[in-house]
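This report refers to the structure that appears directly beneath it.
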Amino acid sequence: MAELTTEYLGLQLPSPVILASSALSNRLDNLVAAEEHGAGAVVLRSLFEEQIEAASTEAEEAGQRHAESNPEARTYFPPQRVGPHEYLSLVQRAKKALGIPVIASLNCCAPGSWTGYARQIADAGADAIEVNIYSVEADPSLPGSEVERRYVEAVAGIQAAVKIPVAVKLSPYFTSLANVVAQLQQTGVAGVVLFNRFLQPDISLERMAPVSVMSLSTPSEALLPLRWIGLLHGRVQLDLAASTGVHDSAGALKQLLAGATVVQLASTLTRNGVPHLAKVLQGIEEWMDRRGHSSIDEFRGTLSQKQVSDPGAFERAQYVHLILSQNI
Ligand SMILES: Cc1cc2nc3c(=O)[nH]c(=O)nc-3n(C[C@H](O)[C@H](O)[C@H](O)COP(=O)(O)O)c2cc1C
């Protein structure tokens with residue numbers, strides 16, 4: 001019988017499949033259902049920097065400033081004039097109701113006084129914190145190195161403020177992602193989540209205005225985290241969580257083979273319901289039984305770049321022979 005237990009961020013998980021930070025993970029009944037259907041852990045919906053700022057005396061100004069630079073926050077969670085006390089209450093209720101680890105999520109884009117909230121989240125009982133860090137920087141005078149410096153500083157602030165493990169959820173938009181991950185490792189974080197998925201603004205020809213549309217991912221989007229997990233496995237001493245485009249057991253197994261410690265699911269559970277999680281786990285178990293694997297450690301990373309006979313497959317953006325063979 002296949003054994004699915006997994007260690008992630010130093011925590012013991014009954015399985016490597018996690019309910020990702022999402023609209024689902026804002027409700028206690030969904031969190032309980034996730035545990036019932038075999039989730040290894042849950043990541044709560046993010047507490048956005050905007051919420052924290054909005055609760056402060058500088059609400060107006062700060063909310064405006066951050067909403068401009070972080071459109072993701074507006075889409076997932078329109079800035080509200082509420083403090084983080086509801087969030088702390090969710091952490092406490094989730095901890096009381098669940099046996100699996102509860103990972104809180106902070107969504108921020110710069111170092112700030114809100115690291116104090118990271119402490120409060122830890123005090124509320126969260127087992128770990130996932131820091132989702134990203135901003136849209138449109139200032140032509142701001143070099144990428146300065147943006148990276150701020151990100152690393154923000155993460156280091158949180159890491160220093162709490163004793164519970166910290167993971168960082170990243171975007172794929174870095175010139176040298178591996179270097180950014182190495183810099184984050186230096187701060188002492190325990191893992192990275194690859195990747196967050198961003199909602200890009202569209203333009204409505206009827207309304208003659210930009211519009212934001214909430215769209216769910218498709219399985220083909222999983223190839224981006226698959227590549228980077230395959231590249232980073234064995235190169236950094238961090239846990240790697242795959243996020244984006246993992247919809248079924250095949251998708252989850254591919255990420256584990258590339259080297260993922262765990263996979264996170266949001267879109268597929270939003271579309272198919274939380275019980276779909278059990279199907280994903282059943283598919284993983286059946287595959288392991290067929291291949292004679294008794295634990296995930298036995299095959300995790302066996303198809304990472306370091307292990308495969310054609311390491312170029314992970315690095316080359318285009319394969320010449322594939323491109324030249326397309327005669328239409
Ligand atoms: C409705 C919805 C809400 C989300 N809210 C958050 C959030 O609050 N914080 C966060 O880090 N990610 C959030 N995400 C992103 C997911 O955690 C995940 O990274 C992304 O959807 C890609 O994974 P998927 O292909 O499994 O959907 C949200 C996604 C969806 C669909």
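Going through the structure tokens in order, the chains are called A, B, and so on, while each chain numbers its residues from 1 and the ligands are numbered from 1 in the order shown.
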**ligand 1 neighbours within 9 Å using only C-alpha atoms and all ligand atoms, as a PyMOL selection string** = chain A and resi 19-26+43-48+72-73+75-77+105-107+130-133+169+193-198+214-219+221-222+242-247+263-270
Would you give me, as a PDB file with C-alpha atoms, in the first residue's frame, the residues in segment 113-227 of chain A that DSSP reads as strand (DSSP E)?
ATOM      1  CA  ALA A 128       3.589  28.263   8.889  1.00  0.00           C
ATOM      2  CA  ILE A 129       3.336  31.449   6.849  1.00  0.00           C
ATOM      3  CA  GLU A 130       3.327  31.632   3.070  1.00  0.00           C
ATOM      4  CA  VAL A 131       4.480  35.053   1.891  1.00  0.00           C
ATOM      5  CA  ASN A 132       3.098  35.933  -1.505  1.00  0.00           C
ATOM      6  CA  ILE A 133       5.308  38.677  -2.801  1.00  0.00           C
ATOM      7  CA  VAL A 166       8.096  30.617   6.214  1.00  0.00           C
ATOM      8  CA  ALA A 167       7.599  29.815   2.524  1.00  0.00           C
ATOM      9  CA  VAL A 168       7.711  32.407  -0.251  1.00  0.00           C
ATOM     10  CA  LYS A 169       5.273  32.306  -3.153  1.00  0.00           C
ATOM     11  CA  LEU A 170       6.928  33.785  -6.203  1.00  0.00           C
ATOM     12  CA  GLY A 191      10.463  26.733   0.991  1.00  0.00           C
ATOM     13  CA  VAL A 192       9.292  28.430  -2.181  1.00  0.00           C
ATOM     14  CA  VAL A 193       5.959  28.091  -3.950  1.00  0.00           C
ATOM     15  CA  LEU A 194       6.301  28.147  -7.731  1.00  0.00           C
ATOM     16  CA  ASP A 202      -8.178  42.897 -20.508  1.00  0.00           C
ATOM     17  CA  ILE A 203      -9.887  45.678 -22.479  1.00  0.00           C
ATOM     18  CA  SER A 204     -13.630  45.703 -23.034  1.00  0.00           C
ATOM     19  CA  ALA A 209     -12.325  50.416 -20.490  1.00  0.00           C
ATOM     20  CA  PRO A 210      -9.844  47.999 -18.947  1.00  0.00           C
ATOM     21  CA  VAL A 211     -11.514  45.089 -17.163  1.00  0.00           C
TER      22      VAL A 211
END
**Request:** Return as a VMD selection string the full set of residues in segment 182-280 of chain A whose backbone-based DSSP assignment is helix (DSSP H, G or I).
**Result:** chain A and resid 182 to 186 219 to 232 249 to 258 267 to 272 276 to 280
**Item:** Exercise: Gly116 of chain A partners within 10 Å, only C-alpha atoms, chain neighbours under 3 positions left out, as a PyMOL selection string
**Value:** chain A and resi 112-113+119-122+157-158+161-162
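Taking atom CA of Leu98 of chain A and atom CA of His85 of chain A as endpoints, the distance between them is 19.9 Å.
Taking atom CA of Pro14 of chain A as the reference point, atom CA of Gly40 of chain A is found at 5.0 Å.
Counting only C-alpha atoms, the residue from A:Gln183, A:Pro172, A:Leu324, A:Leu13 that sits nearest to Tyr151 of chain A is A:Gln183.
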**Prompt:** Which residues come within 8 Å of Gln185 of chain A, counting only C-alpha atoms, excluding same-chain residues fewer than 3 positions away, as a PyMOL selection string?
**Reply:** chain A and resi 181-182+188-191+236-238
